[in-house]
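Structure data (CSV, C-alpha atoms and all ligand atoms) from final-v9.csv:
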chain,number,residue,atom,x,y,z
A,1,MET,CA,50.7,60.6,87.9
A,2,TYR,CA,47.8,58.7,86.3
A,3,TYR,CA,46.1,57.8,89.6
A,4,THR,CA,44.2,59.9,92.1
A,5,GLY,CA,44.1,57.7,95.1
A,6,LYS,CA,43.1,54.3,93.7
A,7,VAL,CA,41.2,55.6,90.7
A,8,PRO,CA,43.1,55.8,87.4
A,9,VAL,CA,42.2,59.2,86.1
A,10,LYS,CA,43.1,58.1,82.6
A,11,VAL,CA,41.0,55.0,82.7
A,12,ASN,CA,38.6,56.4,80.1
A,13,ASP,CA,41.5,56.8,77.7
A,14,ILE,CA,42.4,53.1,78.2
A,15,ILE,CA,38.8,52.0,77.7
A,16,LEU,CA,38.6,54.1,74.6
A,17,LEU,CA,41.9,52.6,73.4
A,18,MET,CA,40.5,49.1,73.9
A,19,THR,CA,37.3,49.7,72.1
A,20,GLU,CA,38.9,51.5,69.2
A,21,ASN,CA,39.6,48.6,66.8
A,22,ASN,CA,40.8,46.2,69.6
A,23,LEU,CA,44.2,47.8,69.5
A,24,CYS,CA,45.7,46.5,72.7
A,25,GLU,CA,45.3,44.6,76.0
A,26,TYR,CA,46.0,46.1,79.4
A,27,LYS,CA,46.3,45.2,83.1
A,28,PHE,CA,46.2,47.3,86.2
A,29,GLY,CA,48.8,46.8,88.9
A,30,GLU,CA,50.8,44.3,86.9
A,31,PRO,CA,54.0,43.2,88.7
A,32,LEU,CA,57.0,44.1,86.6
A,33,LYS,CA,59.0,41.2,88.1
A,34,ASN,CA,56.9,39.1,85.8
A,35,HIS,CA,58.3,41.0,82.8
A,36,THR,CA,62.0,41.4,83.7
A,37,SER,CA,64.8,38.7,83.4
A,38,PHE,CA,66.0,39.9,86.9
A,39,LYS,CA,62.5,38.9,88.3
A,40,ILE,CA,62.6,42.3,90.1
A,41,GLY,CA,60.1,45.2,89.9
A,42,GLY,CA,57.0,46.4,91.6
A,43,PRO,CA,53.6,47.0,89.9
A,44,ALA,CA,53.0,49.0,86.8
A,45,LYS,CA,49.8,50.9,87.6
A,46,ILE,CA,48.9,50.5,83.9
A,47,PHE,CA,50.5,47.8,81.8
A,48,VAL,CA,49.5,48.0,78.1
A,49,GLN,CA,50.3,45.5,75.4
A,50,PRO,CA,49.5,46.8,72.0
A,51,LYS,CA,48.8,44.3,69.3
A,52,SER,CA,50.2,46.2,66.4
A,53,ILE,CA,52.4,49.2,65.5
A,54,GLN,CA,49.2,51.2,65.1
A,55,GLY,CA,48.1,50.1,68.6
A,56,LEU,CA,51.6,51.1,70.0
A,57,ILE,CA,51.5,54.6,68.4
A,58,CYS,CA,47.9,55.1,69.6
A,59,THR,CA,48.9,54.1,73.2
A,60,LEU,CA,51.9,56.4,73.2
A,61,GLU,CA,49.8,59.3,71.9
A,62,LYS,CA,47.7,58.9,75.0
A,63,PHE,CA,50.5,58.1,77.5
A,64,GLU,CA,53.5,60.1,76.4
A,65,GLN,CA,55.4,59.4,79.7
A,66,ALA,CA,55.0,55.6,79.4
A,67,ARG,CA,58.0,53.5,79.7
A,68,ILE,CA,58.8,50.9,77.0
A,69,ILE,CA,59.5,47.3,77.9
A,70,ALA,CA,60.3,44.5,75.5
A,71,LYS,CA,61.8,41.2,77.0
A,72,GLY,CA,63.0,43.2,80.0
A,73,THR,CA,66.5,41.6,79.9
A,74,ASN,CA,68.3,44.9,80.4
A,75,ILE,CA,66.1,46.6,83.0
A,76,LEU,CA,66.2,47.1,86.7
A,77,ALA,CA,62.6,48.1,87.6
A,78,PRO,CA,62.0,49.9,90.9
A,79,ASP,CA,60.4,48.0,93.9
A,80,GLU,CA,57.8,50.7,94.2
A,81,GLY,CA,56.6,50.3,90.6
A,82,VAL,CA,56.0,52.8,87.9
A,83,ASP,CA,52.9,54.4,86.4
A,84,VAL,CA,52.5,53.3,82.7
A,85,VAL,CA,54.5,50.6,81.0
A,86,VAL,CA,54.0,49.6,77.3
A,87,SER,CA,55.2,46.3,76.0
A,88,THR,CA,56.4,45.8,72.4
A,89,LEU,CA,56.0,42.1,72.4
A,90,GLY,CA,52.8,42.2,70.4
A,91,LEU,CA,54.8,43.6,67.5
A,92,ASN,CA,55.9,40.2,66.4
A,93,SER,CA,55.8,39.8,62.6
A,94,TYR,CA,58.7,39.6,60.1
A,95,GLN,CA,59.4,39.0,56.5
A,96,VAL,CA,62.5,37.6,54.7
A,97,ASP,CA,63.1,39.2,51.3
A,98,GLY,CA,66.3,37.9,49.6
A,99,ASP,CA,69.2,38.7,52.0
A,100,LEU,CA,67.0,41.2,53.9
A,101,ILE,CA,65.0,40.4,57.1
A,102,VAL,CA,62.4,43.0,58.0
A,103,SER,CA,61.2,42.5,61.5
A,104,GLU,CA,58.8,44.3,63.9
A,105,ALA,CA,60.5,45.5,67.1
A,106,GLY,CA,59.1,42.7,69.4
A,107,VAL,CA,60.6,39.7,67.7
A,108,SER,CA,63.3,38.0,69.7
A,109,LEU,CA,66.9,38.1,68.5
A,110,SER,CA,67.3,34.4,68.9
A,111,ALA,CA,64.2,33.8,66.7
A,112,LEU,CA,65.7,36.1,64.1
A,113,CYS,CA,69.0,34.2,64.3
A,114,LYS,CA,67.2,30.9,63.7
A,115,ILE,CA,65.2,32.4,60.8
A,116,ALA,CA,68.4,33.8,59.2
A,117,ALA,CA,70.1,30.4,59.6
A,118,GLU,CA,67.1,28.6,58.0
A,119,HIS,CA,67.4,30.9,55.0
A,120,GLY,CA,71.2,30.6,54.7
A,121,LEU,CA,71.8,34.1,55.8
A,122,SER,CA,74.9,35.0,57.8
A,123,GLY,CA,75.9,38.0,59.9
A,124,LEU,CA,73.6,37.6,62.9
A,125,GLU,CA,75.3,34.6,64.5
A,126,PHE,CA,76.9,36.7,67.2
A,127,ALA,CA,73.5,37.6,68.6
A,128,TYR,CA,72.3,34.0,69.2
A,129,GLY,CA,71.6,33.7,72.9
A,130,ILE,CA,71.2,37.4,73.6
A,131,PRO,CA,67.8,37.1,75.3
A,132,GLY,CA,66.3,40.4,74.1
A,133,THR,CA,64.2,41.6,71.1
A,134,ILE,CA,65.5,43.3,68.0
A,135,GLY,CA,63.9,46.6,69.2
A,136,GLY,CA,65.8,46.4,72.5
A,137,ALA,CA,68.9,45.4,70.7
A,138,LEU,CA,68.8,48.4,68.4
A,139,TYR,CA,68.1,50.8,71.3
A,140,MET,CA,71.1,49.3,73.3
A,141,ASN,CA,73.3,48.5,70.2
A,142,ALA,CA,73.6,45.0,71.7
A,143,GLY,CA,76.7,43.1,70.9
A,144,ALA,CA,78.6,40.0,71.7
A,145,TYR,CA,81.6,37.9,70.5
A,146,GLY,CA,83.0,40.6,68.2
A,147,GLY,CA,79.6,41.6,66.6
A,148,GLU,CA,77.2,44.4,67.2
A,149,ILE,CA,73.7,44.9,65.9
A,150,CYS,CA,74.8,48.1,64.2
A,151,ASP,CA,76.9,45.9,61.8
A,152,VAL,CA,73.8,44.4,60.2
A,153,VAL,CA,71.0,46.9,60.4
A,154,GLU,CA,70.1,48.7,57.2
A,155,TYR,CA,67.2,50.9,58.2
A,156,ALA,CA,64.6,51.3,61.0
A,157,GLU,CA,61.1,52.8,61.3
A,158,VAL,CA,60.9,54.9,64.4
A,159,TYR,CA,58.2,56.8,66.3
A,160,ASP,CA,59.5,60.1,67.6
A,161,TYR,CA,56.4,61.0,69.6
A,162,ASN,CA,55.2,63.1,66.7
A,163,LYS,CA,55.5,61.0,63.5
A,164,VAL,CA,56.9,57.8,62.1
A,165,ILE,CA,60.3,58.4,60.5
A,166,LYS,CA,62.6,56.1,58.6
A,167,LEU,CA,66.3,56.2,59.4
A,168,ASP,CA,69.1,54.5,57.7
A,169,ARG,CA,72.1,53.2,59.6
A,170,SER,CA,74.2,56.3,59.1
A,171,GLN,CA,71.6,58.3,60.9
A,172,MET,CA,71.4,56.0,64.0
A,173,GLU,CA,74.4,57.4,65.8
A,174,PHE,CA,75.6,54.1,67.1
A,175,SER,CA,78.3,53.8,69.6
A,176,TYR,CA,79.2,51.2,72.3
A,177,ARG,CA,75.8,50.2,73.8
A,178,SER,CA,74.2,53.4,72.6
A,179,SER,CA,72.2,54.7,69.7
A,180,ILE,CA,70.1,57.7,68.7
A,181,PHE,CA,67.0,55.8,70.0
A,182,LYS,CA,68.5,55.8,73.4
A,183,LYS,CA,69.7,59.4,73.3
A,184,ASN,CA,66.3,60.7,72.0
A,185,HIS,CA,64.0,58.1,73.7
A,186,TRP,CA,62.6,57.3,70.2
A,187,ILE,CA,60.6,54.1,69.8
A,188,VAL,CA,61.8,51.5,67.3
A,189,LEU,CA,58.9,50.0,65.4
A,190,LYS,CA,60.5,48.0,62.6
A,191,VAL,CA,64.0,47.0,61.7
A,192,SER,CA,65.6,45.8,58.5
A,193,LEU,CA,68.7,43.7,58.7
A,194,ARG,CA,71.0,43.2,55.7
A,195,LEU,CA,72.7,39.8,55.8
A,196,LYS,CA,75.0,37.9,53.5
A,197,ARG,CA,74.5,34.5,51.8
A,198,GLY,CA,76.2,31.7,53.6
A,199,ASP,CA,76.2,28.0,54.2
A,200,ARG,CA,73.3,26.9,56.5
A,201,GLN,CA,75.4,24.3,58.3
A,202,ILE,CA,78.3,26.6,59.0
A,203,ILE,CA,75.9,29.4,60.2
A,204,THR,CA,74.1,26.9,62.5
A,205,LYS,CA,77.4,25.5,63.8
A,206,SER,CA,78.7,29.0,64.6
A,207,MET,CA,75.5,29.8,66.5
A,208,GLU,CA,75.7,26.6,68.5
A,209,GLU,CA,79.3,27.3,69.3
A,210,ILE,CA,78.5,30.8,70.5
A,211,PHE,CA,75.6,29.5,72.6
A,212,ARG,CA,77.9,26.8,74.1
A,213,LYS,CA,80.3,29.6,75.2
A,214,ARG,CA,77.4,31.5,76.9
A,215,ILE,CA,76.4,28.4,78.8
A,216,GLN,CA,79.9,27.8,79.9
A,217,THR,CA,80.7,31.3,81.1
A,218,GLN,CA,77.3,32.9,82.1
A,219,PRO,CA,75.0,32.1,85.1
A,220,LEU,CA,72.0,31.3,82.9
A,221,ASP,CA,70.4,29.3,85.6
A,222,LEU,CA,69.7,32.4,87.8
A,223,PRO,CA,67.7,35.6,87.1
A,224,SER,CA,70.0,38.4,85.9
A,225,ALA,CA,70.1,41.3,83.4
A,226,GLY,CA,73.4,40.2,81.8
A,227,SER,CA,76.6,42.2,82.2
A,228,VAL,CA,75.8,44.9,84.8
A,229,PHE,CA,78.5,47.4,83.7
A,230,LYS,CA,79.7,48.8,80.4
A,231,ARG,CA,83.3,48.1,79.5
A,232,PRO,CA,85.0,51.4,80.3
A,233,LYS,CA,87.9,50.9,77.9
A,234,ASN,CA,89.0,48.2,75.5
A,235,ASP,CA,91.5,46.4,77.7
A,236,PHE,CA,89.5,46.7,81.0
A,237,TYR,CA,87.7,43.5,81.7
A,238,VAL,CA,85.1,44.3,84.3
A,239,GLY,CA,84.3,40.8,85.4
A,240,LYS,CA,88.0,40.0,85.9
A,241,VAL,CA,88.6,43.2,87.9
A,242,ILE,CA,85.5,42.5,90.2
A,243,GLU,CA,86.8,39.0,90.8
A,244,GLU,CA,90.3,40.3,91.6
A,245,LEU,CA,88.8,42.6,94.2
A,246,GLY,CA,87.4,39.5,95.9
A,247,LEU,CA,83.8,40.4,95.3
A,248,LYS,CA,82.7,37.2,93.6
A,249,GLY,CA,79.8,35.8,95.6
A,250,PHE,CA,79.5,39.1,97.6
A,251,ARG,CA,75.8,39.7,98.5
A,252,VAL,CA,73.4,42.5,99.5
A,253,GLY,CA,70.2,40.7,100.5
A,254,ASP,CA,69.5,38.2,97.7
A,255,ALA,CA,71.4,40.2,95.1
A,256,GLN,CA,74.8,38.5,94.6
A,257,VAL,CA,77.9,39.0,92.4
A,258,SER,CA,77.7,35.8,90.4
A,259,THR,CA,80.1,33.1,91.4
A,260,LYS,CA,80.3,32.0,87.8
A,261,HIS,CA,80.9,35.4,86.1
A,262,ALA,CA,81.7,38.4,88.3
A,263,GLY,CA,80.4,40.8,85.7
A,264,PHE,CA,76.8,39.6,86.4
A,265,ILE,CA,74.6,40.3,89.4
A,266,VAL,CA,72.1,37.5,90.0
A,267,ASN,CA,68.9,37.3,92.0
A,268,LEU,CA,69.0,34.4,94.4
A,269,GLY,CA,65.3,34.6,94.9
A,270,GLY,CA,64.1,37.6,96.8
A,271,ALA,CA,66.4,40.4,95.6
A,272,LYS,CA,64.9,43.9,95.6
A,273,ALA,CA,65.9,46.6,93.2
A,274,ASP,CA,67.4,48.5,96.1
A,275,ASP,CA,69.7,45.5,97.0
A,276,VAL,CA,71.0,45.5,93.4
A,277,LYS,CA,71.5,49.3,93.4
A,278,GLU,CA,73.4,49.0,96.7
A,279,LEU,CA,75.6,46.2,95.3
A,280,ILE,CA,76.3,48.2,92.2
A,281,LYS,CA,77.3,51.2,94.3
A,282,ILE,CA,79.7,49.0,96.4
A,283,ILE,CA,81.3,47.6,93.3
A,284,GLN,CA,81.7,51.0,91.7
A,285,GLN,CA,83.3,52.4,94.9
A,286,GLN,CA,85.8,49.6,95.2
A,287,VAL,CA,86.7,49.6,91.5
A,288,HIS,CA,87.2,53.4,91.6
A,289,ARG,CA,89.3,53.2,94.8
A,290,SER,CA,91.6,50.5,93.4
A,291,TYR,CA,91.7,51.3,89.7
A,292,GLY,CA,90.6,54.9,89.4
A,293,VAL,CA,87.9,53.9,87.0
A,294,GLN,CA,84.3,54.9,87.2
A,295,LEU,CA,82.1,52.0,86.1
A,296,GLU,CA,78.9,53.0,84.4
A,297,PRO,CA,75.9,50.6,84.5
A,298,GLU,CA,74.9,48.9,81.2
A,299,VAL,CA,71.6,47.9,82.8
A,300,GLU,CA,68.9,50.5,82.5
A,301,ILE,CA,67.9,51.5,86.0
A,302,TRP,CA,64.3,52.8,86.0
A,401,LIG,C1,71.7,36.3,80.5
A,401,LIG,C2,71.8,37.6,79.7
A,401,LIG,C3,72.8,37.7,78.8
A,401,LIG,C4,72.9,38.9,78.0
A,401,LIG,N1,73.9,39.0,77.1
A,401,LIG,C5,74.0,40.1,76.4
A,401,LIG,C6,75.1,40.3,75.4
A,401,LIG,O1,75.8,39.4,75.1
A,401,LIG,N2,75.2,41.5,74.7
A,401,LIG,C7,74.3,42.5,75.0
A,401,LIG,O2,74.4,43.6,74.3
A,401,LIG,N3,73.3,42.4,75.9
A,401,LIG,C8,73.2,41.3,76.6
A,401,LIG,N4,72.2,41.2,77.5
A,401,LIG,C9,71.3,42.3,77.8
A,401,LIG,C10,70.0,42.4,76.9
A,401,LIG,O3,69.6,41.1,76.5
A,401,LIG,C11,70.2,43.3,75.7
A,401,LIG,O4,70.6,44.6,76.1
A,401,LIG,C12,69.0,43.4,74.9
A,401,LIG,O5,69.3,44.1,73.7
A,401,LIG,C13,67.8,44.1,75.6
A,401,LIG,O6,66.6,43.8,74.8
A,401,LIG,P1,65.2,43.7,75.5
A,401,LIG,O7,64.3,43.4,74.3
A,401,LIG,O8,65.1,42.7,76.6
A,401,LIG,O9,65.0,45.1,76.0
A,401,LIG,P2,64.4,45.6,77.4
A,401,LIG,O10,65.3,45.1,78.5
A,401,LIG,O11,63.0,45.3,77.5
A,401,LIG,O12,64.7,47.1,77.3
A,401,LIG,C14,65.9,47.7,77.4
A,401,LIG,C15,65.9,49.2,77.0
A,401,LIG,O13,65.5,49.3,75.7
A,401,LIG,C16,64.3,50.1,75.6
A,401,LIG,N5,63.5,49.5,74.5
A,401,LIG,C17,63.2,48.2,74.3
A,401,LIG,N6,62.5,48.0,73.1
A,401,LIG,C18,62.5,49.2,72.6
A,401,LIG,C19,61.9,49.7,71.3
A,401,LIG,N7,61.3,48.9,70.5
A,401,LIG,N8,62.1,51.0,71.0
A,401,LIG,C20,62.8,51.9,71.9
A,401,LIG,N9,63.3,51.5,73.1
A,401,LIG,C21,63.1,50.1,73.4
A,401,LIG,C22,63.6,49.9,76.9
A,401,LIG,O14,62.7,51.0,77.2
A,401,LIG,C23,64.8,49.9,77.9
A,401,LIG,O15,65.2,51.2,78.1
A,401,LIG,C24,72.0,40.0,78.3
A,401,LIG,C25,71.0,39.8,79.2
A,401,LIG,C26,70.9,38.7,79.9
A,401,LIG,C27,69.8,38.5,80.9

Could you write out this structure as structure tokens?
Amino acid sequence: MYYTGKVPVKVNDIILLMTENNLCEYKFGEPLKNHTSFKIGGPAKIFVQPKSIQGLICTLEKFEQARIIAKGTNILAPDEGVDVVVSTLGLNSYQVDGDLIVSEAGVSLSALCKIAAEHGLSGLEFAYGIPGTIGGALYMNAGAYGGEICDVVEYAEVYDYNKVIKLDRSQMEFSYRSSIFKKNHWIVLKVSLRLKRGDRQIITKSMEEIFRKRIQTQPLDLPSAGSVFKRPKNDFYVGKVIEELGLKGFRVGDAQVSTKHAGFIVNLGGAKADDVKELIKIIQQQVHRSYGVQLEPEVEIW
């Protein structure tokens, strides 16, 4: 705990951090619902936004137990809040060098897709519309429409709570929605993507087509965290199964199985993390009872 009663015992560390070269910004009691796509989550007692990689490392040296948040598009944050949260969104610079894009962790995937298209670079089209950052995408090995981030990453710079290390793709232990970063809780600082020369118009058209499919099939008008469950095996379509069980539209409080895509849980306005957790439990039980399959959440439950 970083608080004794209402007084943050580590406040001096934060003030020091602020005054050391203006490395980051911070807030006390910041509601996490303002930082998650679910619009759910109680206060972070200390919410730090480093302005640079140096600021991030400095922050993590002081707050080893801090949780990392980027765009918050795959996080269910607890109603009671958490102690220390560190945002990566201040790590927002990138460079294009031939067919390589080198990006800091906080740059959004969609921005990188557009940058790739502008430079006539192909390979990242699949990720257009995934609402997270490149750091979050690497951690989760995000994927869609037949592509995964592991297909295009060349190397990453990572903080392992001791030093900065550089890993190439073969060392990242990627698997379906997992990576070495997730297994070891390492922090992605910088990512390099190796793309291929392509035709700008074809790349842009393919991105638009993928985005159109998302709009048609996903409940993008309501807060959610995307697909709630991992696909347990190749031919098991979670959304279809949940729909077949008659759970489309089923609610716990304001948490609802989306009426548009049963693989999503949406927040109708006032959903609590506990409502979502309860709904997840009900779905898991019903799927297990009917199909003998144990669904595992894809969403990170804090
Ligand atoms: C409408 C919608 C559609 C979606 N569609 C897809 C999809 O098609 N495919 C897909 O894979 N996902 C999808 N998602 C889920 C989500 O966008 C991805 O998992 C994304 O990669 C998460 O990135 P983020 O920046 O938001 O990470 P966050 O949600 O902020 O964080 C997710 C996890 O990654 C960790 N993390 C974040 N940044 C770092 C870092 N730099 N270093 C170490 N750990 C880090 C966090 O601690 C947390 O545990 C969707 C979500 C929504 C809301």

Given all atoms listed in the file as the counted atoms, nearest of A:Ser37, A:Thr259, A:Asn22, A:Ser108 to Ala77 in chain A |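 Among the listed residues, A:Ser37 lies closest to Ala77 in chain A.
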
Could I get the residue neighbourhood of ligand LIG 401 (chain A) at 6 Å, counting all atoms listed in the file, as an NGL selection string?
-> :A and (37 or 67-75 or 105 or 130-133 or 135-137 or 139-140 or 142-144 or 186-189 or 220 or 224-226 or 300)

Close residues, Glu125 in chain A itself excluded, 10 Å, all atoms listed in the file, min 4 positions apart in chain, as a CSV table (one decimal) with C-alpha atoms, in the frame of the given file:
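Final file, selection_4.csv:
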chain,number,residue,atom,x,y,z
A,109,LEU,CA,66.9,38.1,68.5
A,110,SER,CA,67.3,34.4,68.9
A,112,LEU,CA,65.7,36.1,64.1
A,113,CYS,CA,69.0,34.2,64.3
A,114,LYS,CA,67.2,30.9,63.7
A,116,ALA,CA,68.4,33.8,59.2
A,117,ALA,CA,70.1,30.4,59.6
A,121,LEU,CA,71.8,34.1,55.8
A,129,GLY,CA,71.6,33.7,72.9
A,144,ALA,CA,78.6,40.0,71.7
A,145,TYR,CA,81.6,37.9,70.5
A,147,GLY,CA,79.6,41.6,66.6
A,203,ILE,CA,75.9,29.4,60.2
A,204,THR,CA,74.1,26.9,62.5
A,205,LYS,CA,77.4,25.5,63.8
A,206,SER,CA,78.7,29.0,64.6
A,207,MET,CA,75.5,29.8,66.5
A,208,GLU,CA,75.7,26.6,68.5
A,209,GLU,CA,79.3,27.3,69.3
A,210,ILE,CA,78.5,30.8,70.5
A,211,PHE,CA,75.6,29.5,72.6

Straight-line distance linking CA of Val107 in chain A with CA of Gly263 in chain A, stated in Å to one decimal =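 Spanning CA of Val107 in chain A to CA of Gly263 in chain A is a straight-line distance of 26.8 Å.
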
Find the distance between CA of Val48 in chain A and CA of Tyr159 in chain A and write it in Å to one decimal.
->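 Between CA of Val48 in chain A and CA of Tyr159 in chain A the gap works out to 17.1 Å.
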
Quick one: residues within 12 Å of Val276 in chain A, all atoms listed in the file, excluding same-chain residues fewer than 2 positions away - as a PDB file with C-alpha atoms, in the coordinates of the input?
ATOM      1  CA  PHE A  38      66.000  39.900  86.900  1.00  0.00           C
ATOM      2  CA  LYS A  39      62.500  38.900  88.300  1.00  0.00           C
ATOM      3  CA  ILE A  40      62.600  42.300  90.100  1.00  0.00           C
ATOM      4  CA  GLY A  41      60.100  45.200  89.900  1.00  0.00           C
ATOM      5  CA  ILE A  75      66.100  46.600  83.000  1.00  0.00           C
ATOM      6  CA  LEU A  76      66.200  47.100  86.700  1.00  0.00           C
ATOM      7  CA  ALA A  77      62.600  48.100  87.600  1.00  0.00           C
ATOM      8  CA  PRO A  78      62.000  49.900  90.900  1.00  0.00           C
ATOM      9  CA  ASP A  79      60.400  48.000  93.900  1.00  0.00           C
ATOM     10  CA  SER A 224      70.000  38.400  85.900  1.00  0.00           C
ATOM     11  CA  ALA A 225      70.100  41.300  83.400  1.00  0.00           C
ATOM     12  CA  VAL A 228      75.800  44.900  84.800  1.00  0.00           C
ATOM     13  CA  PHE A 250      79.500  39.100  97.600  1.00  0.00           C
ATOM     14  CA  ARG A 251      75.800  39.700  98.500  1.00  0.00           C
ATOM     15  CA  VAL A 252      73.400  42.500  99.500  1.00  0.00           C
ATOM     16  CA  GLY A 253      70.200  40.700 100.500  1.00  0.00           C
ATOM     17  CA  ASP A 254      69.500  38.200  97.700  1.00  0.00           C
ATOM     18  CA  ALA A 255      71.400  40.200  95.100  1.00  0.00           C
ATOM     19  CA  GLN A 256      74.800  38.500  94.600  1.00  0.00           C
ATOM     20  CA  VAL A 257      77.900  39.000  92.400  1.00  0.00           C
ATOM     21  CA  PHE A 264      76.800  39.600  86.400  1.00  0.00           C
ATOM     22  CA  ILE A 265      74.600  40.300  89.400  1.00  0.00           C
ATOM     23  CA  VAL A 266      72.100  37.500  90.000  1.00  0.00           C
ATOM     24  CA  ASN A 267      68.900  37.300  92.000  1.00  0.00           C
ATOM     25  CA  LEU A 268      69.000  34.400  94.400  1.00  0.00           C
ATOM     26  CA  GLY A 270      64.100  37.600  96.800  1.00  0.00           C
ATOM     27  CA  ALA A 271      66.400  40.400  95.600  1.00  0.00           C
ATOM     28  CA  LYS A 272      64.900  43.900  95.600  1.00  0.00           C
ATOM     29  CA  ALA A 273      65.900  46.600  93.200  1.00  0.00           C
ATOM     30  CA  ASP A 274      67.400  48.500  96.100  1.00  0.00           C
ATOM     31  CA  GLU A 278      73.400  49.000  96.700  1.00  0.00           C
ATOM     32  CA  LEU A 279      75.600  46.200  95.300  1.00  0.00           C
ATOM     33  CA  ILE A 280      76.300  48.200  92.200  1.00  0.00           C
ATOM     34  CA  LYS A 281      77.300  51.200  94.300  1.00  0.00           C
ATOM     35  CA  ILE A 282      79.700  49.000  96.400  1.00  0.00           C
ATOM     36  CA  ILE A 283      81.300  47.600  93.300  1.00  0.00           C
ATOM     37  CA  PRO A 297      75.900  50.600  84.500  1.00  0.00           C
ATOM     38  CA  VAL A 299      71.600  47.900  82.800  1.00  0.00           C
ATOM     39  CA  ILE A 301      67.900  51.500  86.000  1.00  0.00           C
TER      40      ILE A 301
END
